[in-house]
Amino acid sequence: MASRGVERVLAKCEACINAGNYYEAHQMFRTVSFRYNSQQKYAEAADLLCKGALKLLQHNQHSSGADLSLLLLDSLSKTKSPVTENTISQITKLFEVMDPDCPERYTFLTKAINWSSKVNKEHKRGHPDLHKRFGFIFWHERNYPQARYHYIHSTDGVACAQMLLEFHTAHGYPSEVDMFITQAVLQYLCLQNKATANECFEQYTQKHPGICQRPPFSLPLLNFIWLLLIALDGGKLAVFTVLCEKYQVSINRDPNYKEYLDQIGQLFFGVPPPQKTPQGLFGSLMQNVLGVSGSDDEEEGSTKTKAAAPSLQANNINSKDNSHNLLPGSSRNIGLASTPSHRQEKPLDLD
């Protein structure tokens, strides 16, 4: 709860806002918050900034509201406040009511993720609960690429699968039904998030109207992912190698799959890091398994698609139009379905 001092300031500022004196209210919030911080009343400062920002944003004062929101993150960073359910709720509520076209929105998102990574050293790419909330907001804004990025850095495989299902059915080709989930599972595994990868795969394959079945599947790529997830528990390199050999044609549908499998082989199957050669792991140790020349042995019923799945930081799936978005962490424009008109977020660098 807010202290009496905060309540008095809020009452004065609210009177200014109701009178249309937004600039005066904004400056009052800033001045009092600086005073609280100088007195080491950090909780009061954070409470005041959060409530002040929310009030201004609700009155369409997006620049002023964003400014107070950024001051809130500065205050949290200075005091090294821990990531709690309350702070996550405060941050994501402010982000949700910000205008998607507000330039400061991306800055706020980046600073929030970086703050959470600094106070929780085990989550160097940002706290998964914060990513989950951001993913949910972007999903409901129909900004699927951004939603997907944040869900991949969360631990909510069920929501990620539901979002991917909606993304594919709304904007993807029918032939890409297996590639949407393959991309997500391999990226989860590269982040060593095996449990969420399993959860996402199971939910997607059971709920997607284009699949709706349990393994074995009619689509070879889905069978590869299913067997790969099983093989992770044993950690046997021979099994991993045989799987890659058997499903070589499906793996060759997108060259990024080989990069993912390089990392997965090192993380889960004891494969040593590759030498610094252009070919990488598969070029040096497994070129006969996953060589670009391909194998004459086609797995069951595999068909070529018009699209390739995206890399860990970029989405390369074709959509029903040729719009281009830029995913976080990517330096490439990528073919994606168009989303409702709003400014696309800039690339997000969390490393």
# chains A, B, ... in the order shown; residues from 1 in each chain; ligands from 1
>>> closest_atom_pairs(of="stretch 50-121 of chain A", to="stretch 13-21 of chain A", cutoff="9 Å", atoms="only C-alpha atoms", output="CSV")
residue,atom,partner,partner_atom,distance
A:Gly52,CA,A:Cys13,CA,8.0
A:Lys55,CA,A:Glu14,CA,7.9
A:Leu56,CA,A:Ile17,CA,7.7
A:His59,CA,A:Ile17,CA,8.1
>>> write_last_selection(atoms="C-alpha atoms", output="short mmCIF file (atom, residue, chain, number, x, y, z; two decimals), in the first residue's frame")
data_model
loop_
_atom_site.label_atom_id
_atom_site.label_comp_id
_atom_site.auth_asym_id
_atom_site.auth_seq_id
_atom_site.Cartn_x
_atom_site.Cartn_y
_atom_site.Cartn_z
CA GLY A 52 1.88 8.31 -11.75
CA LYS A 55 -2.44 7.71 -14.61
CA LEU A 56 -0.70 9.67 -17.35
CA HIS A 59 -4.97 9.93 -20.14
#
>>> closest_residue(among="A:Leu228, A:Ala159, A:Leu109, A:Ile88", to="A:Asp129", atoms="only C-alpha atoms")
A:Ile88
>>> atom_distance(atom1="atom CA of A:Tyr144", atom2="atom CA of A:Leu70")
25.1 Å
>>> residues_around(residues="A:His131", least_positions_apart="2", cutoff="7 Å", atoms="only C-alpha atoms", output="short mmCIF file (atom, residue, chain, number, x, y, z; two decimals) with all heavy atoms, in the first residue's frame")
data_model
loop_
_atom_site.label_atom_id
_atom_site.label_comp_id
_atom_site.auth_asym_id
_atom_site.auth_seq_id
_atom_site.Cartn_x
_atom_site.Cartn_y
_atom_site.Cartn_z
N HIS A 127 14.32 -12.64 -16.91
CA HIS A 127 13.52 -13.56 -16.10
C HIS A 127 12.41 -14.19 -16.94
O HIS A 127 11.69 -13.49 -17.66
CB HIS A 127 12.91 -12.80 -14.92
CG HIS A 127 12.44 -13.69 -13.82
ND1 HIS A 127 11.27 -14.43 -13.91
CD2 HIS A 127 12.99 -13.99 -12.61
CE1 HIS A 127 11.12 -15.13 -12.80
NE2 HIS A 127 12.15 -14.89 -11.99
N PRO A 128 12.25 -15.52 -16.89
CA PRO A 128 11.24 -16.18 -17.73
C PRO A 128 9.81 -15.73 -17.46
O PRO A 128 8.99 -15.69 -18.39
CB PRO A 128 11.43 -17.66 -17.40
CG PRO A 128 12.19 -17.70 -16.12
CD PRO A 128 13.03 -16.49 -16.10
N ASP A 129 9.50 -15.36 -16.22
CA ASP A 129 8.15 -14.90 -15.92
C ASP A 129 7.87 -13.54 -16.57
O ASP A 129 6.75 -13.26 -17.00
CB ASP A 129 7.93 -14.80 -14.41
CG ASP A 129 7.88 -16.17 -13.74
OD1 ASP A 129 7.72 -17.17 -14.47
OD2 ASP A 129 8.03 -16.23 -12.51
N ARG A 133 5.00 -12.74 -19.55
CA ARG A 133 4.01 -11.65 -19.56
C ARG A 133 4.12 -10.82 -20.83
O ARG A 133 3.11 -10.44 -21.43
CB ARG A 133 4.20 -10.77 -18.34
CG ARG A 133 3.98 -11.46 -17.00
CD ARG A 133 2.53 -11.75 -16.73
NE ARG A 133 2.34 -12.21 -15.37
CZ ARG A 133 2.13 -11.43 -14.32
NH1 ARG A 133 2.05 -10.12 -14.49
NH2 ARG A 133 1.99 -11.94 -13.11
N PHE A 134 5.35 -10.53 -21.25
CA PHE A 134 5.53 -9.78 -22.49
C PHE A 134 5.00 -10.58 -23.69
O PHE A 134 4.37 -10.03 -24.60
CB PHE A 134 7.00 -9.43 -22.72
CG PHE A 134 7.50 -8.28 -21.87
CD1 PHE A 134 8.71 -8.37 -21.21
CD2 PHE A 134 6.77 -7.11 -21.77
CE1 PHE A 134 9.18 -7.31 -20.44
CE2 PHE A 134 7.21 -6.04 -21.00
CZ PHE A 134 8.42 -6.15 -20.33
N GLY A 135 5.27 -11.88 -23.68
CA GLY A 135 4.77 -12.72 -24.76
C GLY A 135 3.26 -12.70 -24.84
O GLY A 135 2.68 -12.62 -25.93
N HIS A 150 9.47 -13.95 -27.01
CA HIS A 150 9.42 -13.90 -25.56
C HIS A 150 8.95 -15.23 -24.96
O HIS A 150 9.43 -15.63 -23.89
CB HIS A 150 8.55 -12.74 -25.10
CG HIS A 150 9.18 -11.40 -25.34
ND1 HIS A 150 10.22 -10.92 -24.56
CD2 HIS A 150 8.98 -10.47 -26.30
CE1 HIS A 150 10.61 -9.74 -25.02
NE2 HIS A 150 9.87 -9.44 -26.07
N TYR A 151 8.04 -15.92 -25.63
CA TYR A 151 7.63 -17.23 -25.12
C TYR A 151 8.78 -18.23 -25.17
O TYR A 151 8.88 -19.10 -24.29
CB TYR A 151 6.43 -17.76 -25.91
CG TYR A 151 5.10 -17.30 -25.35
CD1 TYR A 151 4.17 -16.67 -26.16
CD2 TYR A 151 4.78 -17.51 -24.01
CE1 TYR A 151 2.94 -16.25 -25.66
CE2 TYR A 151 3.55 -17.09 -23.49
CZ TYR A 151 2.64 -16.46 -24.32
OH TYR A 151 1.43 -16.04 -23.81
N HIS A 153 11.74 -17.62 -24.51
CA HIS A 153 12.58 -17.33 -23.34
C HIS A 153 11.81 -17.46 -22.02
O HIS A 153 12.31 -17.07 -20.97
CB HIS A 153 13.17 -15.93 -23.46
CG HIS A 153 14.23 -15.83 -24.52
ND1 HIS A 153 13.94 -15.67 -25.85
CD2 HIS A 153 15.60 -15.89 -24.44
CE1 HIS A 153 15.06 -15.63 -26.55
NE2 HIS A 153 16.07 -15.76 -25.72
N SER A 154 10.62 -18.04 -22.10
CA SER A 154 9.83 -18.29 -20.90
C SER A 154 9.81 -19.79 -20.61
O SER A 154 10.51 -20.57 -21.27
CB SER A 154 8.40 -17.78 -21.10
OG SER A 154 7.63 -18.69 -21.89
#
>>> closest_residue(among="A:Leu261, A:Gln162, A:Asn60, A:Ile137", to="A:Gln183", atoms="only C-alpha atoms")
A:Leu261
